Amino acid sequence: MKTFFAEEQERHDPKSFLSSGAPKPNPEVPERTTRLLAGAKAAGCSIERPKSHGLRPIAAIHTSEYIEFLQRIYARWRLIDGSSAEVIPNIHPIDRHGTYPASAVGQAGYHMADTSCPISEFTWESACWSAWTAISAADDVQAGASSAYALCRPPGHHAFADVAGGFCFFNNSAIAAQRLVKSGSRVAILDVDLHHGNGTQGIFYRRSDVLTVSIHADPVRFYPFFWGHADERGEGAGLGSNLNLPLERKSGDEQFLAALSAACRRVEAFAPDTLVVALGLDAFEGDPFGGLSVTTDGFARIGEAIAELRLPTVIVQEGGYICDALSDNLTSFLGGFSAKHSI
């Protein structure tokens with residue numbers, strides 16, 4: 001399996017975020033790529049640099065207004081007298097259907113859901129290369145590879161069409177899925193991150209051509225709080241094309257695999273041509289977020305179960321934060337997937 005990775009993704013280096021009102025070091029750090037790259041190599045992956053694909057495939061998912069905001073906001077923010085070193089919102093609209101603010105401060109609140117995705121000098125560059133990494137992996141699978149792994153950073157599944165959030169700026173999994181749809185594929189997205197893929201759900205919620213399925217910690221007391229509940233099934237043309245499988249906090253391998261079995265049944269019923277896996281490794285029992293209790297061996301079993309779908313598969317990296325087992329968890333997942341995958 002090829003791993004696609006661009007070192008420009010390491011230039012984004014956020015310093016802090018607010019958690020329960022307290023400033024804390026931001027866990028979405030460049031070291032994640034070092035550890036994940038080691039895990040991919042240990043799984044036997046070859047490493048390939050992605051191509052630059054321009055803005056068109058990103059604009060197939062994200063609004064031009066939002067793309068322009070991300071591209072220009074850091075330089076505009078730095079012109080504000082006394083501004084912080086990173087773009088961090090301090091006001092949010094309770095209704096986003098009104099007038100679009102002209103100020104950098106107002107636009108930051110409009111386009112940023114929370115404080116966990118500060119924008120600094122190199123965020124735009126890293127976010128673009130992260131998206132292009134997912135696109136390159138999708139193109140590789142579309143060209144005939146049975147699977148490909150996109151080592152994307154920053155992650156993407158909390159980003160909506162015009163809102164950043166949860167460490168995410170461009171929704172890499174959605175961009176990869178749309179790239180495949182454009183090439184004629186019927187696509188399912190299976191999100192196995194600790195947190196609900198709320199941005200991915202929002203992007204496809206009224207569409208029937210892409211199935212979205214997410215297994216995650218129950219959001220009733222866990223980020224992202226307002227999305228990810230079991231009764232969210234899609235709307236309009238998309239009704240029945242979204243499935244959420246929330247798990248109780250600290251659920252381990254058996255509970256996760258039971259939910260995955262239900263997820264795979266829904267994917268099979270959708271009969272896709274291609275699968276996009278939004279891979280979070282933060283469901284691990286030792287991850288700093290501590291929401292679920294999947295073991296390192298459990299990730300191998302998750303990979304094996306997904307492989308049994310026997311679909312061409314694009315694996316897009318989402319969460320998974322600094323802990324001793326981060327590399328091993330990726331190796332375990334990719335090893336389990338590769339051992340069982342055939343199409």
# chains A, B, ... in the order shown; residues from 1 in each chain; ligands from 1
call {"tool": "residues_around", "arguments": {"residues": "region 122-138 of chain A", "least_positions_apart": "3", "cutoff": "8 Å", "atoms": "only C-alpha atoms", "output": "VMD selection string"}}
result
chain A and resid 3 to 6 8 to 13 49 to 53 57 to 58 70 to 71 119 141 to 142 148 to 155 169 to 173 175 to 177 179 to 180 314 316
call {"tool": "select_by_dssp", "arguments": {"residues": "region 126-275 of chain A", "states": "helix (DSSP H, G or I)", "output": "VMD selection string"}}
result
chain A and resid 126 to 142 172 to 182 198 to 204 219 to 221 236 to 238 253 to 270
call {"tool": "write_last_selection", "arguments": {"atoms": "C-alpha atoms", "output": "PDB file, in the first residue's frame"}}
result
ATOM      1  CA  SER A 126      -0.431  22.879   5.461  1.00  0.00           C
ATOM      2  CA  ALA A 127      -4.200  22.621   5.008  1.00  0.00           C
ATOM      3  CA  CYS A 128      -3.846  22.694   1.222  1.00  0.00           C
ATOM      4  CA  TRP A 129      -1.206  19.948   1.246  1.00  0.00           C
ATOM      5  CA  SER A 130      -3.342  17.895   3.609  1.00  0.00           C
ATOM      6  CA  ALA A 131      -6.252  18.097   1.160  1.00  0.00           C
ATOM      7  CA  TRP A 132      -3.969  17.355  -1.817  1.00  0.00           C
ATOM      8  CA  THR A 133      -2.672  14.312   0.046  1.00  0.00           C
ATOM      9  CA  ALA A 134      -6.202  12.916   0.295  1.00  0.00           C
ATOM     10  CA  ILE A 135      -6.840  13.719  -3.365  1.00  0.00           C
ATOM     11  CA  SER A 136      -3.658  11.931  -4.457  1.00  0.00           C
ATOM     12  CA  ALA A 137      -4.658   8.826  -2.494  1.00  0.00           C
ATOM     13  CA  ALA A 138      -8.136   8.927  -4.047  1.00  0.00           C
ATOM     14  CA  ASP A 139      -6.629   9.250  -7.525  1.00  0.00           C
ATOM     15  CA  ASP A 140      -4.340   6.288  -6.841  1.00  0.00           C
ATOM     16  CA  VAL A 141      -7.309   4.091  -5.929  1.00  0.00           C
ATOM     17  CA  GLN A 142      -9.362   5.395  -8.832  1.00  0.00           C
ATOM     18  CA  ASN A 172     -10.049  15.817   3.533  1.00  0.00           C
ATOM     19  CA  SER A 173     -12.338  12.763   3.658  1.00  0.00           C
ATOM     20  CA  ALA A 174     -15.175  14.675   1.990  1.00  0.00           C
ATOM     21  CA  ILE A 175     -12.811  16.089  -0.645  1.00  0.00           C
ATOM     22  CA  ALA A 176     -11.513  12.583  -1.406  1.00  0.00           C
ATOM     23  CA  ALA A 177     -15.074  11.247  -1.619  1.00  0.00           C
ATOM     24  CA  GLN A 178     -16.166  14.017  -3.969  1.00  0.00           C
ATOM     25  CA  ARG A 179     -13.105  13.400  -6.140  1.00  0.00           C
ATOM     26  CA  LEU A 180     -14.207   9.774  -6.475  1.00  0.00           C
ATOM     27  CA  VAL A 181     -17.825  10.752  -7.157  1.00  0.00           C
ATOM     28  CA  LYS A 182     -16.664  13.038  -9.956  1.00  0.00           C
ATOM     29  CA  ASN A 198     -19.827  16.356  12.161  1.00  0.00           C
ATOM     30  CA  GLY A 199     -18.377  18.310   9.255  1.00  0.00           C
ATOM     31  CA  THR A 200     -18.559  15.292   6.955  1.00  0.00           C
ATOM     32  CA  GLN A 201     -22.134  14.638   8.034  1.00  0.00           C
ATOM     33  CA  GLY A 202     -23.060  18.270   7.428  1.00  0.00           C
ATOM     34  CA  ILE A 203     -21.545  18.347   3.949  1.00  0.00           C
ATOM     35  CA  PHE A 204     -23.453  15.285   2.711  1.00  0.00           C
ATOM     36  CA  PRO A 219     -21.759  13.326  22.047  1.00  0.00           C
ATOM     37  CA  VAL A 220     -24.308  13.891  24.813  1.00  0.00           C
ATOM     38  CA  ARG A 221     -21.312  14.699  27.063  1.00  0.00           C
ATOM     39  CA  GLY A 236     -34.453  15.657   2.058  1.00  0.00           C
ATOM     40  CA  ALA A 237     -32.792  13.552  -0.626  1.00  0.00           C
ATOM     41  CA  GLY A 238     -30.278  12.401   1.988  1.00  0.00           C
ATOM     42  CA  ASP A 253     -12.847  -3.474  21.539  1.00  0.00           C
ATOM     43  CA  GLU A 254     -15.967  -5.613  21.711  1.00  0.00           C
ATOM     44  CA  GLN A 255     -18.405  -2.707  21.819  1.00  0.00           C
ATOM     45  CA  PHE A 256     -16.562  -0.913  19.018  1.00  0.00           C
ATOM     46  CA  LEU A 257     -16.476  -4.029  16.840  1.00  0.00           C
ATOM     47  CA  ALA A 258     -20.184  -4.651  17.404  1.00  0.00           C
ATOM     48  CA  ALA A 259     -20.916  -1.127  16.183  1.00  0.00           C
ATOM     49  CA  LEU A 260     -18.537  -1.670  13.261  1.00  0.00           C
ATOM     50  CA  SER A 261     -20.476  -4.782  12.273  1.00  0.00           C
ATOM     51  CA  ALA A 262     -23.647  -2.658  12.053  1.00  0.00           C
ATOM     52  CA  ALA A 263     -21.745   0.009  10.134  1.00  0.00           C
ATOM     53  CA  CYS A 264     -20.472  -2.543   7.616  1.00  0.00           C
ATOM     54  CA  ARG A 265     -23.954  -3.919   7.079  1.00  0.00           C
ATOM     55  CA  ARG A 266     -25.149  -0.431   6.167  1.00  0.00           C
ATOM     56  CA  VAL A 267     -22.183   0.083   3.833  1.00  0.00           C
ATOM     57  CA  GLU A 268     -22.972  -3.237   2.107  1.00  0.00           C
ATOM     58  CA  ALA A 269     -26.628  -2.212   1.722  1.00  0.00           C
ATOM     59  CA  PHE A 270     -25.535   1.027   0.042  1.00  0.00           C
TER      60      PHE A 270
END
